[in-house]
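> Below is the file entry.cif, which contains mmCIF, C-alpha atoms.
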data_query
loop_
_atom_site.group_PDB
_atom_site.id
_atom_site.type_symbol
_atom_site.label_atom_id
_atom_site.label_comp_id
_atom_site.auth_asym_id
_atom_site.auth_seq_id
_atom_site.Cartn_x
_atom_site.Cartn_y
_atom_site.Cartn_z
ATOM 1 C CA TRP A 87 20.211 -1.572 -13.614
ATOM 2 C CA ALA A 88 23.565 -3.336 -13.678
ATOM 3 C CA TYR A 89 24.248 -6.902 -12.663
ATOM 4 C CA ASP A 90 27.273 -9.189 -12.840
ATOM 5 C CA GLY A 91 27.252 -12.959 -13.095
ATOM 6 C CA PRO A 92 24.831 -15.677 -12.023
ATOM 7 C CA SER A 93 21.736 -14.722 -10.097
ATOM 8 C CA ASP A 94 20.390 -15.926 -6.777
ATOM 9 C CA ILE A 95 17.323 -13.710 -6.775
ATOM 10 C CA ARG A 96 14.283 -15.424 -5.313
ATOM 11 C CA MET A 97 10.944 -15.585 -7.105
ATOM 12 C CA ASN A 98 8.928 -12.463 -6.385
ATOM 13 C CA ARG A 99 5.990 -10.412 -7.431
ATOM 14 C CA HIS A 100 5.131 -6.874 -6.457
ATOM 15 C CA ASP A 101 2.534 -4.155 -6.822
ATOM 16 C CA TYR A 102 4.319 -2.349 -9.622
ATOM 17 C CA PHE A 103 4.746 -3.083 -13.326
ATOM 18 C CA GLU A 104 8.194 -3.320 -14.930
ATOM 19 C CA LEU A 105 9.731 -2.507 -18.292
ATOM 20 C CA ILE A 106 13.305 -3.771 -18.620
ATOM 21 C CA LEU A 107 15.281 -2.781 -21.708
ATOM 22 C CA MET A 108 18.226 -5.077 -22.341
ATOM 23 C CA GLY A 109 20.878 -2.488 -23.149
ATOM 24 C CA LYS A 110 24.063 -4.559 -22.948
ATOM 25 C CA GLY A 111 24.236 -8.300 -22.460
ATOM 26 C CA SER A 112 21.491 -10.870 -22.354
ATOM 27 C CA ALA A 113 19.621 -12.633 -19.585
ATOM 28 C CA VAL A 114 17.208 -15.409 -18.786
ATOM 29 C CA PHE A 115 14.193 -14.578 -16.675
ATOM 30 C CA GLN A 116 11.946 -17.084 -14.993
ATOM 31 C CA VAL A 117 8.260 -16.184 -15.118
ATOM 32 C CA GLN A 118 6.228 -18.739 -13.197
ATOM 33 C CA ALA A 119 7.485 -22.079 -14.651
ATOM 34 C CA ARG A 120 8.820 -20.613 -17.929
ATOM 35 C CA SER A 121 12.379 -19.573 -18.775
ATOM 36 C CA ILE A 122 12.480 -16.579 -21.090
ATOM 37 C CA ARG A 123 15.640 -15.395 -22.864
ATOM 38 C CA VAL A 124 16.005 -11.656 -23.385
ATOM 39 C CA ASN A 125 18.710 -10.552 -25.819
ATOM 40 C CA GLU A 126 20.494 -7.246 -26.232
ATOM 41 C CA GLY A 127 18.067 -4.615 -27.498
ATOM 42 C CA ASP A 128 14.937 -6.545 -26.483
ATOM 43 C CA LEU A 129 12.327 -5.262 -24.053
ATOM 44 C CA PHE A 130 11.019 -7.461 -21.228
ATOM 45 C CA ILE A 131 7.707 -6.559 -19.608
ATOM 46 C CA VAL A 132 6.161 -8.075 -16.524
ATOM 47 C CA GLY A 133 3.112 -7.183 -14.484
ATOM 48 C CA SER A 134 2.284 -7.701 -10.850
ATOM 49 C CA THR A 135 0.385 -10.988 -10.907
ATOM 50 C CA LEU A 136 3.100 -13.417 -12.016
ATOM 51 C CA PHE A 137 6.037 -14.612 -9.918
ATOM 52 C CA HIS A 138 9.310 -13.878 -11.701
ATOM 53 C CA ARG A 139 13.049 -13.460 -11.254
ATOM 54 C CA LEU A 140 16.319 -13.040 -13.091
ATOM 55 C CA ILE A 141 17.935 -16.482 -13.209
ATOM 56 C CA TYR A 142 20.956 -15.997 -15.436
ATOM 57 C CA CYS A 143 23.104 -13.383 -17.060
ATOM 58 C CA GLY A 144 26.373 -14.652 -18.455
ATOM 59 C CA GLU A 145 28.105 -11.299 -18.701
ATOM 60 C CA ARG A 146 27.752 -7.828 -17.272
ATOM 61 C CA LEU A 147 24.121 -6.909 -17.634
ATOM 62 C CA ARG A 148 23.136 -3.333 -18.362
ATOM 63 C CA ALA A 149 19.403 -2.876 -18.506
ATOM 64 C CA PRO A 150 17.587 0.402 -17.918
ATOM 65 C CA ARG A 151 14.203 -0.227 -16.372
ATOM 66 C CA ILE A 152 11.074 1.578 -15.357
ATOM 67 C CA MET A 153 8.916 0.440 -12.477
ATOM 68 C CA PHE A 154 5.562 2.131 -11.913
ATOM 69 C CA LEU A 155 2.392 1.565 -9.967
ATOM 70 C CA PRO A 156 -0.686 1.082 -12.154
ATOM 71 C CA GLN A 157 -2.484 3.759 -10.102
ATOM 72 C CA LEU A 158 -0.219 6.339 -11.746
ATOM 73 C CA ILE A 159 -2.010 5.695 -15.047
ATOM 74 C CA CYS A 160 -5.417 4.535 -13.855
ATOM 75 C CA PRO A 161 -6.246 5.839 -10.367
ATOM 76 C CA LEU A 162 -9.045 4.072 -8.547
ATOM 77 C CA ARG A 163 -12.467 5.696 -8.844
ATOM 78 C CA THR A 164 -11.832 7.132 -12.309
ATOM 79 C CA SER A 165 -13.246 6.203 -15.667
ATOM 80 C CA HIS A 166 -11.880 3.013 -17.153
ATOM 81 C CA LEU A 167 -10.645 4.758 -20.276
ATOM 82 C CA ASP A 168 -7.080 4.830 -18.962
ATOM 83 C CA VAL A 169 -7.082 1.117 -18.075
ATOM 84 C CA ASP A 170 -6.532 0.400 -21.770
ATOM 85 C CA TYR A 171 -2.961 1.683 -21.363
ATOM 86 C CA LEU A 172 -2.350 -1.134 -18.865
ATOM 87 C CA LEU A 173 -3.804 -4.020 -20.879
ATOM 88 C CA PRO A 174 -0.409 -5.555 -21.813
ATOM 89 C CA PHE A 175 0.225 -5.985 -18.076
ATOM 90 C CA LEU A 176 -3.297 -7.064 -17.153
ATOM 91 C CA ILE A 177 -3.658 -9.796 -19.784
ATOM 92 C CA GLN A 178 -0.483 -11.634 -18.815
ATOM 93 C CA ASP A 179 -1.112 -15.333 -18.451
ATOM 94 C CA ASP A 180 1.090 -18.435 -18.756
ATOM 95 C CA ARG A 181 1.322 -18.002 -22.557
ATOM 96 C CA PHE A 182 2.012 -14.269 -22.643
ATOM 97 C CA PRO A 183 4.993 -13.216 -24.827
ATOM 98 C CA HIS A 184 6.937 -11.080 -22.331
ATOM 99 C CA VAL A 185 9.641 -10.084 -24.816
ATOM 100 C CA VAL A 186 9.273 -7.352 -27.418
ATOM 101 C CA PRO A 187 12.109 -8.121 -29.862
ATOM 102 C CA ALA A 188 14.582 -5.399 -30.849
ATOM 103 C CA ARG A 189 13.784 -5.989 -34.538
ATOM 104 C CA THR A 190 10.294 -4.457 -34.028
ATOM 105 C CA GLY A 191 11.865 -1.048 -33.353
ATOM 106 C CA ILE A 192 9.665 -0.598 -30.284
ATOM 107 C CA PRO A 193 12.453 -1.072 -27.707
ATOM 108 C CA LYS A 194 14.447 1.674 -29.435
ATOM 109 C CA GLN A 195 11.475 4.052 -29.250
ATOM 110 C CA ILE A 196 10.933 3.166 -25.593
ATOM 111 C CA ARG A 197 14.609 3.810 -24.873
ATOM 112 C CA ARG A 198 14.259 7.350 -26.230
ATOM 113 C CA LEU A 199 11.234 7.935 -24.011
ATOM 114 C CA MET A 200 13.080 6.496 -20.982
ATOM 115 C CA LEU A 201 15.851 9.029 -21.600
ATOM 116 C CA GLN A 202 13.284 11.826 -21.769
ATOM 117 C CA ILE A 203 11.941 10.745 -18.368
ATOM 118 C CA ALA A 204 15.448 10.477 -16.914
ATOM 119 C CA ASN A 205 16.188 14.028 -18.086
ATOM 120 C CA ARG A 206 13.193 15.296 -16.072
ATOM 121 C CA LEU A 207 14.131 13.572 -12.801
ATOM 122 C CA PRO A 208 13.719 14.368 -10.032
ATOM 123 C CA ALA A 209 10.253 15.440 -11.165
ATOM 124 C CA GLU A 210 9.749 18.173 -8.582
ATOM 125 C CA SER A 211 7.568 20.517 -10.622
ATOM 126 C CA ALA A 212 4.080 19.884 -11.941
ATOM 127 C CA ALA A 213 5.374 20.319 -15.497
ATOM 128 C CA ALA A 214 8.146 17.735 -14.983
ATOM 129 C CA ARG A 215 5.660 15.235 -13.519
ATOM 130 C CA LEU A 216 3.262 15.821 -16.411
ATOM 131 C CA CYS A 217 6.050 15.252 -18.952
ATOM 132 C CA ALA A 218 7.280 12.079 -17.221
ATOM 133 C CA LYS A 219 3.747 10.657 -17.051
ATOM 134 C CA THR A 220 3.087 11.565 -20.682
ATOM 135 C CA TYR A 221 6.286 9.827 -21.838
ATOM 136 C CA LEU A 222 5.293 6.749 -19.834
ATOM 137 C CA MET A 223 1.840 6.793 -21.435
ATOM 138 C CA LEU A 224 3.468 6.987 -24.877
ATOM 139 C CA MET A 225 5.516 3.882 -24.009
ATOM 140 C CA LEU A 226 2.362 2.117 -22.898
ATOM 141 C CA ALA A 227 0.545 3.112 -26.098
ATOM 142 C CA LEU A 228 3.349 1.501 -28.125
ATOM 143 C CA LEU A 229 2.925 -1.693 -26.091
ATOM 144 C CA VAL A 230 -0.870 -1.666 -26.408
ATOM 145 C CA ASP A 231 -0.477 -1.495 -30.171
ATOM 146 C CA TYR A 232 2.169 -4.243 -30.211
ATOM 147 C CA TYR A 233 0.082 -6.616 -28.076
ATOM 148 C CA SER A 234 -3.264 -5.782 -29.723
ATOM 149 C CA SER A 235 -3.378 -9.144 -31.498
ATOM 150 C CA TYR A 236 -2.747 -11.107 -28.281
ATOM 151 C CA SER A 237 -6.093 -12.236 -26.919
ATOM 152 C CA GLY A 238 -4.985 -13.278 -23.433
ATOM 153 C CA SER A 239 -7.565 -12.681 -20.769
ATOM 154 C CA ALA A 240 -8.478 -9.035 -21.366
ATOM 155 C CA SER A 241 -12.110 -9.422 -20.316
ATOM 156 C CA THR A 242 -11.051 -11.028 -17.044
ATOM 157 C CA ALA A 243 -8.564 -8.218 -16.393
ATOM 158 C CA LEU A 244 -11.161 -5.526 -17.039
ATOM 159 C CA ALA A 245 -13.680 -7.278 -14.793
ATOM 160 C CA ARG A 246 -11.052 -7.477 -12.035
ATOM 161 C CA MET A 247 -10.359 -3.726 -12.310
ATOM 162 C CA ARG A 248 -14.077 -2.924 -12.143
ATOM 163 C CA ASP A 249 -14.518 -5.171 -9.098
ATOM 164 C CA LEU A 250 -11.639 -3.450 -7.321
ATOM 165 C CA ASP A 251 -13.152 -0.045 -8.043
ATOM 166 C CA ARG A 252 -16.524 -1.215 -6.765
ATOM 167 C CA LEU A 253 -14.969 -2.502 -3.514
ATOM 168 C CA GLN A 254 -12.718 0.519 -2.919
ATOM 169 C CA PRO A 255 -15.204 2.234 -0.529
ATOM 170 C CA VAL A 256 -15.094 -0.856 1.709
ATOM 171 C CA PHE A 257 -11.305 -0.723 1.907
ATOM 172 C CA SER A 258 -11.321 3.029 2.526
#
With the file now loaded, output its structure as structure tokens.

Amino acid sequence: WAYDGPSDIRMNRHDYFELILMGKGSAVFQVQARSIRVNEGDLFIVGSTLFHRLIYCGERLRAPRIMFLPQLICPLRTSHLDVDYLLPFLIQDDRFPHVVPARTGIPKQIRRLMLQIANRLPAESAAARLCAKTYLMLMLALLVDYYSSYSGSASTALARMRDLDRLQPVFS
């Protein structure tokens, strides 16, 4: 993802989750009413429930990112064991710390995994898809561990996932 200069992106939210690794430059993101600065080397994560946008980047922004639908990790009508991988996205509230600082070493590890995924694209074979999904799950495991001390609203998120599963036959 490359971007030059000031932003005029409107507030948005979407079905997918995002991981944005600030490779070169820095930026300010708006998440709901908060402004969040993301510096070079930091990782910015945002789920699907909060309105957000890029509001400022003072220089050329280079930021590899991964966008994925939660159903890739936790398909509907499966056990809820895999939902744990998604907790950092599901517990996001107005206090959630969206930035994983570079000094933690986690963004560097995630960058390596992003490169592994990029090397397998397009994922046309079953083996390539399995590898890409496994690398994504490793990224998510790193984030689960990092955010394990954040209480957020995990019980609410899990209840919401269970309710959606329960109602899926109605929507089908």
> Identify which of the residues A:Ala227, A:Met200, A:Leu136, A:Leu155 lies closest to A:Gln178, counting all atoms listed in the file when measuring atom-to-atom distances.
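Smallest separation from A:Gln178 among the options: A:Leu136.
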> Here is a test: counting all atoms listed in the file, which residue of A:Pro161, A:Gly144, A:Pro156, A:Gly133 is nearest to A:Pro174?
A:Gly133
> Which one of A:Thr190, A:Asn98, A:Gln157, A:Ser234 sits closest to A:Gly127 if you count all atoms listed in the file?
A:Thr190
> Kindly resolve the PyMOL selection byres ((chain A and resi 148-150) around 9) on the present coordinates and return the residues as a list in words.
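Those residues are Trp87, Ala88, Tyr89, Leu105, Ile106, Leu107, Met108, Gly109, Lys110, Gly111, Ser112, Glu126, Arg146, Leu147, Arg151, Ile152, Arg197 and Met200 of chain A.
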> Hey, can you check how far atom CA of A:Val230 sits from atom CA of A:Asp170?
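Going from atom CA of A:Val230 over to atom CA of A:Asp170 covers 7.6 Å.
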> Excluding A:Val186 and residues on its chain fewer than 4 positions from it, collect all residues at most 9 Å away from it, counting all atoms listed in the file, and give them as a list in words.
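So, after excluding close chain neighbours, the residues are Val124, Asp128, Leu129, Phe130, Ile131, Thr190, Ile192, Pro193, Leu229 and Tyr232 of chain A.
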> Can you write just those residues out, C-alpha atoms, as a JSON list (two decimals), in the frame of the given file?

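Result file selection16.json:
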[["chain", "number", "residue", "atom", "x", "y", "z"],
["A", 124, "VAL", "CA", 16.00, -11.66, -23.38],
["A", 128, "ASP", "CA", 14.94, -6.54, -26.48],
["A", 129, "LEU", "CA", 12.33, -5.26, -24.05],
["A", 130, "PHE", "CA", 11.02, -7.46, -21.23],
["A", 131, "ILE", "CA", 7.71, -6.56, -19.61],
["A", 190, "THR", "CA", 10.29, -4.46, -34.03],
["A", 192, "ILE", "CA", 9.66, -0.60, -30.28],
["A", 193, "PRO", "CA", 12.45, -1.07, -27.71],
["A", 229, "LEU", "CA", 2.92, -1.69, -26.09],
["A", 232, "TYR", "CA", 2.17, -4.24, -30.21]]
> Can you list what the PyMOL selection byres ((chain A and resi 102) around 7) grabs from this structure, as a compact mmCIF listing (two decimals) with C-alpha atoms, in the coordinates of the input?

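The resulting file, result-v7.txt, is reproduced below:
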# COMPACT_ATOMS: atom_id res chain seq x y z
CA HIS A 100 5.13 -6.87 -6.46
CA ASP A 101 2.53 -4.16 -6.82
CA PHE A 103 4.75 -3.08 -13.33
CA GLU A 104 8.19 -3.32 -14.93
CA GLY A 133 3.11 -7.18 -14.48
CA SER A 134 2.28 -7.70 -10.85
CA MET A 153 8.92 0.44 -12.48
CA PHE A 154 5.56 2.13 -11.91
CA LEU A 155 2.39 1.56 -9.97
CA PRO A 156 -0.69 1.08 -12.15
> Which value, in Å to one decimal, gives the distance between atom CA of A:His184 and atom CA of A:Val169?
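Distance reported for this atom pair: 19.1 Å.
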> Kindly give the distance, in Å, that separates atom CA of A:Val117 and atom CA of A:Phe137, rounded to a single decimal.
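Between atom CA of A:Val117 and atom CA of A:Phe137 the gap works out to 5.9 Å.
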> For A:Ile141, which residue among A:Leu199, A:Ala119, A:Leu228, A:Met223 is the nearest when counting all atoms listed in the file?
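Of A:Leu199, A:Ala119, A:Leu228, A:Met223, the one nearest A:Ile141, counting all atoms listed in the file, is A:Ala119.
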> When the PyMOL selection byres ((chain A and resi 201-203) around 10) is applied to the file above, which residues end up in the set, as a list of chain:residue names?
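Taken on the displayed file, the PyMOL selection byres ((chain A and resi 201-203) around 10) yields the residues A:Pro150, A:Ile152, A:Ile196, A:Arg197, A:Arg198, A:Leu199, A:Met200, A:Ala204, A:Asn205, A:Arg206, A:Leu207, A:Pro208, A:Ala209, A:Ala214, A:Arg215, A:Cys217, A:Ala218, A:Lys219, A:Thr220, A:Tyr221, A:Leu222.
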> Hey, could you pull the box centre and edge lengths for stretch 92-108 of chain A, axis-aligned, 8 Å padding per side, all listed atoms, to one decimal in Å, as lines of an AutoDock Vina configuration file?

center_x = 13.7
center_y = -9.1
center_z = -13.8
size_x = 38.3
size_y = 29.6
size_z = 33.0
> Taking only C-alpha atoms into account, which of A:Thr135, A:Arg123, A:Leu158, A:Leu216 comes nearest A:Pro187?
A:Arg123
> Let me make sure I understand: among A:Ala213, A:Val185, A:Ile122, A:Cys160, which one has the smallest atom-to-atom distance to A:Leu140 if we use all atoms listed in the file?
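Among A:Ala213, A:Val185, A:Ile122, A:Cys160, it is A:Ile122 that comes nearest to A:Leu140.
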> Please provide as a list of chain:residue names all residues within 9 Å of A:Gln118, with the sequence filter that same-chain residues fewer than 3 positions apart are discarded (counting all atoms listed in the file).
A:Met97, A:Ser121, A:Leu136, A:Phe137, A:His138, A:Arg139, A:Asp180
